[in-house]
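K.L.:
Submitted below is the structure of interest, expressed as structure tokens.
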Amino acid sequence: MTTYTLRSASPAKTRADVVIVGVSKDGKGPTIALGGEDVAAAYGRKFKPLLSSLGFTGRAGETAKLPTSGTINAPLLLLVGLGDAKKLTPAAVRRAAGVAARAVTNAASVAVALPADSPELVRAVTEGYLLGGYTFTDYKRDTRPESDKAGEVVVLSSIARKQEATAQFERAQLFVEAQLATRQWVNLPANDLNPPSFADQVVARHAELTKGRGAPKIGITVWDEKALEADGCGGILGVGGGSATPPRMVKLTWEPEGATQHVALVGKGITYDSGGYSIKPAASMVSMKEDMAGAASVIEALFLIARLGLPVKVTAWAPMAENMISGAAMRPGDVLTVRGGTTVEVTNTDAEGRLILADALVMAAEEKPDVIVDIATLTGHMVVALGDKVAGLLGTDEAVEQVEAAAKTAGEAMWHMPIPEEMSERITSSKVADLAQHDAVRWGGGLFAGAFLREFTDGLPWAHLDIAGPGFNTGGAHGYTSPGGTGFGVATMVEFVAARAEAASEDTAPADA
Ligand code: BES
Ligand code: MN
Ligand code: ZN
């Protein structure tokens with residue numbers, strides 16, 4: 001177990017095995033960043049030549065370790081590059097803190113002295129350091145023993161005693177817990193996470209979080225395949241039909257007393273996507289355990305919202321299925337009837353996400369929430385359009401604007417994409433059913449998917465997040481992002497709900513006399 005504390009102290013005097021300071025670059029070369037001044041002062045005139053003999057430039061991602069030989073109290077100094085001094089944003093600090101966390105080895109105690117003189121920066125340092133230190137080792141024989149990990153992490157900040165700083169420090173740790181739990185779900189391989197076991201584990205985590213006095217009250221409902229059948233969820237059943245493990249749907253409800261608004265979150269939970277009969281090429285299939293990232297993120301977002309006690313009713317809907325091939329699998333050409341009676345012609349079994357989301361969106365919309373946000377690793381088209389670090393954001397104007405604002409606070413990159421008029425024609429082009437699930441036109445597939453999902457939102461305010469790119473990191477670690485699941489979207493959804501709570505309290509606040 002690691003303990004985290006926020007303290008206002010000089011990094012030069014702090015006793016820890018490692019002290020981390022930032023170095024940014026300005027016109028004159030590398031310069032010590034805010035928070036590290038005392039360390040630079042301890043070295044005095046030797047500091048600049050030291051940096052240049054290390055070849056340290058202050059570029060983002062750079063690290064160097066140096067024994068301090070008594071110059072400061074800590075025996076080891078870790079320098080981390082922050083990049084351009086003029087662009088010292090919370091995002092840059094968060095990334096550098098993540099890089100630093102990964103560079104620390106074999107230290108029982110760590111003091112982090114990165115720029116943290118505002119509550120936002122305290123949050124950025126804390127989140128970056130904690131997220132960056134995550135590794136998925138569940139299946140490794142040789143892992144660092146727990147005793148090797150730092151037992152104590154101290155975040156140094158000149159405003160450590162201010163209430164806003166401690167509040168952000170605590171909040172950051174709760175956000176990180178939710179994001180790391182999401183990464184953990186996503187990283188579990190599909191042979192150990194199928195729809196029934198996923199649902200069971202959500203039930204177990206729910207029990208844990210709601211146990212004891214003072215714990216939040218969260219409702220949970222699980223649909224098995226019979227209940228899905230009874231409720232007319234033909235999309236989820238169609239997609240899950242080919243798997244040896246039957247589909248599920250999990251609904252979580254957070255309904256605090258006095259809530260005046262209701263936000264519905266819907267997340268795609270395909271525990272494995274082989275593509276089905278429209279089978280994926282071998283290389284595209286390898287990472288497809290990631291295809292439940294949307295479901296994991298709405299589940300963890302709801303748990304976090306409840307732990308924060310946000311005064312908004314929130315429901316999280318997680319349809320879960322495994323897209324496989326067998327004699328019972330759906331075929332291209334099949335017609336499925338989703339909840340509410342809409343028929344859909346399946347023309348590509350690999351466009352399965354929209355089919356399970358259709359049922360879940362209809363169920364969510366039946367409760368008439370004020371807004372629906374769905375999140376899904378939905379289309380490769382969106383990755384082609386925006387790259388693998390930016391999510392596509394589609395939907396109705398106001399909901400999109402609010403999600404954009406929340407993403408900015410959360411530090412998650414997304415870009416507003418349109419649903420062009422022509423899509424209405426394309427999604428209704430089936431000759432046999434109400435809707436075509438997919439069409440032969442290759443262009444704008446991510447926008448087609450958005451238009452398709454919109455059909456199931458009952459005209460309610462709605463935003464759709466396509467996280468096929470940023471939901472999973474197929475490369476190596478960078479910044480605070482580890483390989484595999486990223487937890488992308490959790491922070492944005494929670495900030496979205498928090499902002500709505502804030503706006504509602506302003507609406508109802510008594511006017512000043
Ligand atoms: N799960 C995939 C989308 C995906 C691709 C997620 C890459 C993460 C990384 C989705 O179910 C899918 O297969 N989409 C198809 C849609 C097409 C058949 C319309 C795609 O992207 O090719
Ligand atoms: Mn697919
Ligand atoms: Zn998929």
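We label chains A, B, ... in the order they appear in the structure tokens, count residues from 1 in each chain, and number ligands from 1 in the order shown.
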Please, which residues have at least one atom within 12 Å of an atom of ligand 2, using only C-alpha atoms and all ligand atoms, listed as a PyMOL selection string?
P.N.:
chain A and resi 239+268-281+284-285+287-292+321-324+348-356+376-381+437-438+449+468
K.L.:
Using N, CA and C atoms, can you export the residues from the last selection as a CSV table (one decimal), in the first residue's frame?
P.N.:
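As written to disk, out.csv reads:
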```
chain,number,residue,atom,x,y,z
A,239,VAL,N,-26.2,-10.2,-31.5
A,239,VAL,CA,-24.7,-10.1,-31.5
A,239,VAL,C,-24.2,-11.2,-30.6
A,268,LYS,N,-20.6,0.7,-24.6
A,268,LYS,CA,-20.5,-0.6,-25.4
A,268,LYS,C,-19.7,-1.6,-24.6
A,269,GLY,N,-20.2,-2.8,-24.5
A,269,GLY,CA,-19.6,-3.9,-23.7
A,269,GLY,C,-19.4,-5.1,-24.5
A,270,ILE,N,-18.6,-5.0,-25.6
A,270,ILE,CA,-18.3,-6.3,-26.4
A,270,ILE,C,-17.0,-6.8,-25.8
A,271,THR,N,-17.1,-8.0,-25.1
A,271,THR,CA,-16.0,-8.5,-24.3
A,271,THR,C,-14.9,-9.0,-25.3
A,272,TYR,N,-15.4,-9.4,-26.5
A,272,TYR,CA,-14.4,-9.7,-27.6
A,272,TYR,C,-15.1,-9.5,-28.9
A,273,ASP,N,-14.4,-8.9,-29.9
A,273,ASP,CA,-15.0,-8.7,-31.2
A,273,ASP,C,-14.1,-9.3,-32.2
A,274,SER,N,-14.6,-10.6,-32.6
A,274,SER,CA,-13.9,-11.3,-33.7
A,274,SER,C,-14.3,-10.8,-35.1
A,275,GLY,N,-15.4,-10.0,-35.0
A,275,GLY,CA,-16.1,-9.5,-36.3
A,275,GLY,C,-17.2,-10.4,-36.6
A,276,GLY,N,-17.3,-11.6,-36.1
A,276,GLY,CA,-18.3,-12.6,-36.5
A,276,GLY,C,-18.1,-13.1,-37.9
A,277,TYR,N,-19.1,-13.5,-38.6
A,277,TYR,CA,-19.0,-14.0,-40.0
A,277,TYR,C,-18.3,-13.0,-40.9
A,278,SER,N,-18.5,-11.7,-40.7
A,278,SER,CA,-17.8,-10.7,-41.4
A,278,SER,C,-16.4,-10.5,-40.7
A,279,ILE,N,-15.7,-11.6,-40.7
A,279,ILE,CA,-14.5,-11.8,-39.8
A,279,ILE,C,-13.5,-10.7,-40.0
A,280,LYS,N,-12.8,-10.3,-38.9
A,280,LYS,CA,-11.7,-9.3,-39.0
A,280,LYS,C,-10.5,-10.0,-39.5
A,281,PRO,N,-9.6,-9.2,-40.1
A,281,PRO,CA,-8.3,-9.8,-40.5
A,281,PRO,C,-7.5,-10.1,-39.2
A,284,SER,N,-6.1,-7.3,-37.0
A,284,SER,CA,-7.1,-6.3,-36.3
A,284,SER,C,-7.8,-6.9,-35.1
A,285,MET,N,-7.7,-8.2,-35.0
A,285,MET,CA,-8.4,-8.9,-33.9
A,285,MET,C,-7.7,-8.9,-32.6
A,287,SER,N,-6.3,-6.9,-30.5
A,287,SER,CA,-6.5,-6.0,-29.4
A,287,SER,C,-8.0,-6.0,-29.0
A,288,MET,N,-8.8,-6.9,-29.6
A,288,MET,CA,-10.3,-6.7,-29.5
A,288,MET,C,-10.9,-7.1,-28.1
A,289,LYS,N,-10.1,-7.4,-27.1
A,289,LYS,CA,-10.6,-7.5,-25.8
A,289,LYS,C,-11.0,-6.1,-25.3
A,290,GLU,N,-10.4,-5.0,-26.0
A,290,GLU,CA,-10.7,-3.6,-25.6
A,290,GLU,C,-12.1,-3.2,-25.9
A,291,ASP,N,-12.9,-4.0,-26.6
A,291,ASP,CA,-14.2,-3.6,-27.1
A,291,ASP,C,-15.3,-3.4,-26.1
A,292,MET,N,-14.9,-3.6,-24.8
A,292,MET,CA,-15.8,-3.3,-23.7
A,292,MET,C,-15.4,-2.1,-22.9
A,321,ALA,N,-21.8,-8.4,-24.7
A,321,ALA,CA,-22.0,-9.5,-25.5
A,321,ALA,C,-20.6,-9.8,-26.1
A,322,GLU,N,-20.4,-11.1,-26.6
A,322,GLU,CA,-19.2,-11.5,-27.2
A,322,GLU,C,-19.5,-11.8,-28.7
A,323,ASN,N,-18.8,-11.1,-29.6
A,323,ASN,CA,-19.1,-11.3,-31.0
A,323,ASN,C,-18.3,-12.4,-31.6
A,324,MET,N,-18.9,-13.6,-31.7
A,324,MET,CA,-18.1,-14.8,-32.1
A,324,MET,C,-18.8,-15.5,-33.3
A,348,ASN,N,-23.2,-6.4,-42.1
A,348,ASN,CA,-21.8,-6.6,-41.7
A,348,ASN,C,-21.8,-7.0,-40.2
A,349,THR,N,-21.5,-8.2,-39.9
A,349,THR,CA,-21.6,-8.6,-38.5
A,349,THR,C,-20.5,-8.0,-37.6
A,350,ASP,N,-19.6,-7.3,-38.3
A,350,ASP,CA,-18.5,-6.6,-37.5
A,350,ASP,C,-19.0,-5.2,-37.1
A,351,ALA,N,-20.1,-4.8,-37.6
A,351,ALA,CA,-20.6,-3.5,-37.1
A,351,ALA,C,-21.6,-3.8,-35.9
A,352,GLU,N,-21.1,-4.5,-34.9
A,352,GLU,CA,-22.0,-5.1,-33.9
A,352,GLU,C,-22.3,-4.1,-32.8
A,353,GLY,N,-21.4,-3.2,-32.6
A,353,GLY,CA,-21.5,-2.3,-31.4
A,353,GLY,C,-22.8,-1.5,-31.5
A,354,ARG,N,-23.2,-1.0,-32.6
A,354,ARG,CA,-24.4,-0.2,-32.8
A,354,ARG,C,-25.7,-1.0,-32.5
A,355,LEU,N,-25.5,-2.4,-32.7
A,355,LEU,CA,-26.7,-3.2,-32.5
A,355,LEU,C,-27.0,-3.4,-31.0
A,356,ILE,N,-25.9,-3.6,-30.2
A,356,ILE,CA,-26.2,-3.7,-28.7
A,356,ILE,C,-26.5,-2.4,-28.1
A,376,ALA,N,-18.3,4.4,-26.9
A,376,ALA,CA,-18.1,3.1,-27.5
A,376,ALA,C,-16.8,3.1,-28.3
A,377,THR,N,-16.1,2.0,-28.3
A,377,THR,CA,-15.0,1.7,-29.3
A,377,THR,C,-15.7,1.3,-30.5
A,378,LEU,N,-16.3,2.3,-31.3
A,378,LEU,CA,-17.3,2.0,-32.3
A,378,LEU,C,-16.7,1.7,-33.7
A,379,THR,N,-15.9,2.7,-34.2
A,379,THR,CA,-15.5,2.5,-35.6
A,379,THR,C,-14.0,2.8,-35.8
A,380,GLY,N,-13.4,2.0,-36.7
A,380,GLY,CA,-12.1,2.2,-37.1
A,380,GLY,C,-12.0,3.5,-38.0
A,381,HIS,N,-13.2,3.9,-38.6
A,381,HIS,CA,-13.2,5.1,-39.4
A,381,HIS,C,-12.8,6.3,-38.5
A,437,GLN,N,-27.9,-1.5,-41.1
A,437,GLN,CA,-26.9,-1.4,-40.1
A,437,GLN,C,-25.6,-0.8,-40.6
A,438,HIS,N,-25.4,-1.0,-41.9
A,438,HIS,CA,-24.2,-0.6,-42.5
A,438,HIS,C,-24.5,-0.5,-44.0
A,449,ALA,N,-22.4,5.6,-38.3
A,449,ALA,CA,-22.7,4.9,-37.0
A,449,ALA,C,-23.4,5.9,-36.1
A,468,ALA,N,-12.7,4.5,-30.3
A,468,ALA,CA,-12.0,3.4,-30.9
A,468,ALA,C,-10.5,3.7,-30.8
```
K.L.:
I'd like the neighbourhood of stretch 416-429 of chain A as JSON, numbers by chain, where a residue qualifies if any of its atoms comes within 6 Å (using only C-alpha atoms), though same-chain residues fewer than 3 positions away should be ignored.
P.N.:
{"A": [393, 394, 435, 436, 447, 448]}
K.L.:
Counting only C-alpha atoms, which of A:Phe175, A:Trp317, A:Phe456, A:Trp415 gets nearest to A:Val362?
P.N.:
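Among the listed residues, the smallest separation from A:Val362 belongs to A:Phe456.
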K.L.:
Where does DSSP see helix (DSSP H, G or I) in stretch 265-500 of chain A, if you list the residues as a PyMOL selection string?
P.N.:
chain A and resi 282-285+288-308+353-366+380-386+397-410+422-427+445-454+490-500
K.L.:
Taking 3 positions as the minimum chain separation for residues in the same chain, which residues sit within 10 Å of stretch 403-405 of chain A when counting only C-alpha atoms? Answer as a list in words.
P.N.:
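Skipping anything fewer than 3 positions along the chain leaves Val373, Leu393, Leu394, Glu398, Ala399, Val400, Lys408, Thr409, Ala410, Gly411, Glu412, Ala413, Met414, Trp415, His416, Trp462, Ala463, His464, Leu465, Thr492, Met493, Glu495, Phe496, Val497 and Ala499 of chain A.
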K.L.:
Residues at most 12 Å from A:Asp200, counting only C-alpha atoms, excluding those fewer than 3 positions away in the same chain, as an MDAnalysis selection string?
P.N.:
chainID A and resid 193:197 203:207 220:224 248:250 320
K.L.:
Which residues in stretch 147-304 of chain A does DSSP call strand (DSSP E or B)? List them as a compact mmCIF listing (two decimals) with N, CA and C atoms, in the first residue's frame.
P.N.:
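Okay, states.txt is ready:
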```
# COMPACT_ATOMS: atom_id res chain seq x y z
N GLU A 152 5.58 5.62 0.21
CA GLU A 152 5.13 6.96 0.52
C GLU A 152 5.42 7.90 -0.64
N VAL A 153 4.38 8.55 -1.12
CA VAL A 153 4.55 9.55 -2.16
C VAL A 153 4.08 10.88 -1.59
N VAL A 154 4.97 11.86 -1.62
CA VAL A 154 4.62 13.18 -1.11
C VAL A 154 4.59 14.14 -2.28
N VAL A 155 3.45 14.79 -2.46
CA VAL A 155 3.35 15.83 -3.49
C VAL A 155 3.63 17.15 -2.80
N LEU A 156 4.63 17.86 -3.29
CA LEU A 156 4.99 19.14 -2.67
C LEU A 156 4.29 20.28 -3.41
N GLY A 219 -28.20 1.44 -7.02
CA GLY A 219 -29.04 0.32 -7.45
C GLY A 219 -28.36 -0.46 -8.56
N ILE A 220 -28.63 -1.76 -8.62
CA ILE A 220 -28.05 -2.57 -9.71
C ILE A 220 -29.07 -3.58 -10.22
N THR A 221 -29.17 -3.71 -11.53
CA THR A 221 -30.02 -4.72 -12.16
C THR A 221 -29.19 -5.41 -13.23
N VAL A 222 -29.30 -6.74 -13.28
CA VAL A 222 -28.60 -7.49 -14.33
C VAL A 222 -29.63 -8.26 -15.15
N TRP A 223 -29.60 -8.11 -16.45
CA TRP A 223 -30.44 -8.90 -17.35
C TRP A 223 -29.62 -10.09 -17.85
N ARG A 248 -25.38 -10.21 -21.55
CA ARG A 248 -25.92 -9.63 -20.32
C ARG A 248 -26.18 -8.15 -20.54
N MET A 249 -26.95 -7.56 -19.63
CA MET A 249 -26.95 -6.10 -19.56
C MET A 249 -26.95 -5.74 -18.08
N VAL A 250 -26.13 -4.76 -17.74
CA VAL A 250 -26.07 -4.28 -16.36
C VAL A 250 -26.53 -2.83 -16.34
N LYS A 251 -27.41 -2.53 -15.39
CA LYS A 251 -27.83 -1.15 -15.18
C LYS A 251 -27.48 -0.76 -13.74
N LEU A 252 -26.83 0.38 -13.60
CA LEU A 252 -26.54 0.93 -12.28
C LEU A 252 -27.32 2.23 -12.13
N THR A 253 -27.84 2.46 -10.94
CA THR A 253 -28.62 3.68 -10.70
C THR A 253 -28.10 4.42 -9.47
N TRP A 254 -27.78 5.67 -9.66
CA TRP A 254 -27.43 6.55 -8.53
C TRP A 254 -28.51 7.61 -8.48
N HIS A 262 -31.55 14.08 -14.54
CA HIS A 262 -31.19 12.68 -14.77
C HIS A 262 -30.30 12.58 -16.01
N VAL A 263 -29.12 12.04 -15.81
CA VAL A 263 -28.19 11.81 -16.91
C VAL A 263 -28.08 10.30 -17.13
N ALA A 264 -28.25 9.86 -18.39
CA ALA A 264 -28.08 8.44 -18.70
C ALA A 264 -26.76 8.24 -19.43
N LEU A 265 -25.97 7.27 -18.97
CA LEU A 265 -24.70 6.92 -19.61
C LEU A 265 -24.84 5.52 -20.20
N VAL A 266 -24.43 5.35 -21.44
CA VAL A 266 -24.57 4.05 -22.10
C VAL A 266 -23.21 3.66 -22.69
N GLY A 267 -22.72 2.45 -22.37
CA GLY A 267 -21.38 2.08 -22.83
C GLY A 267 -21.34 0.72 -23.51
N GLY A 269 -20.25 -2.81 -24.47
CA GLY A 269 -19.55 -3.85 -23.72
C GLY A 269 -19.36 -5.13 -24.51
N ILE A 270 -18.64 -5.04 -25.62
CA ILE A 270 -18.30 -6.26 -26.38
C ILE A 270 -17.02 -6.82 -25.77
N THR A 271 -17.14 -7.96 -25.07
CA THR A 271 -15.97 -8.47 -24.35
C THR A 271 -14.92 -9.03 -25.31
N TYR A 272 -15.36 -9.40 -26.51
CA TYR A 272 -14.40 -9.71 -27.58
C TYR A 272 -15.10 -9.52 -28.92
N ASP A 273 -14.39 -8.91 -29.85
CA ASP A 273 -14.97 -8.66 -31.18
C ASP A 273 -14.13 -9.34 -32.24
```
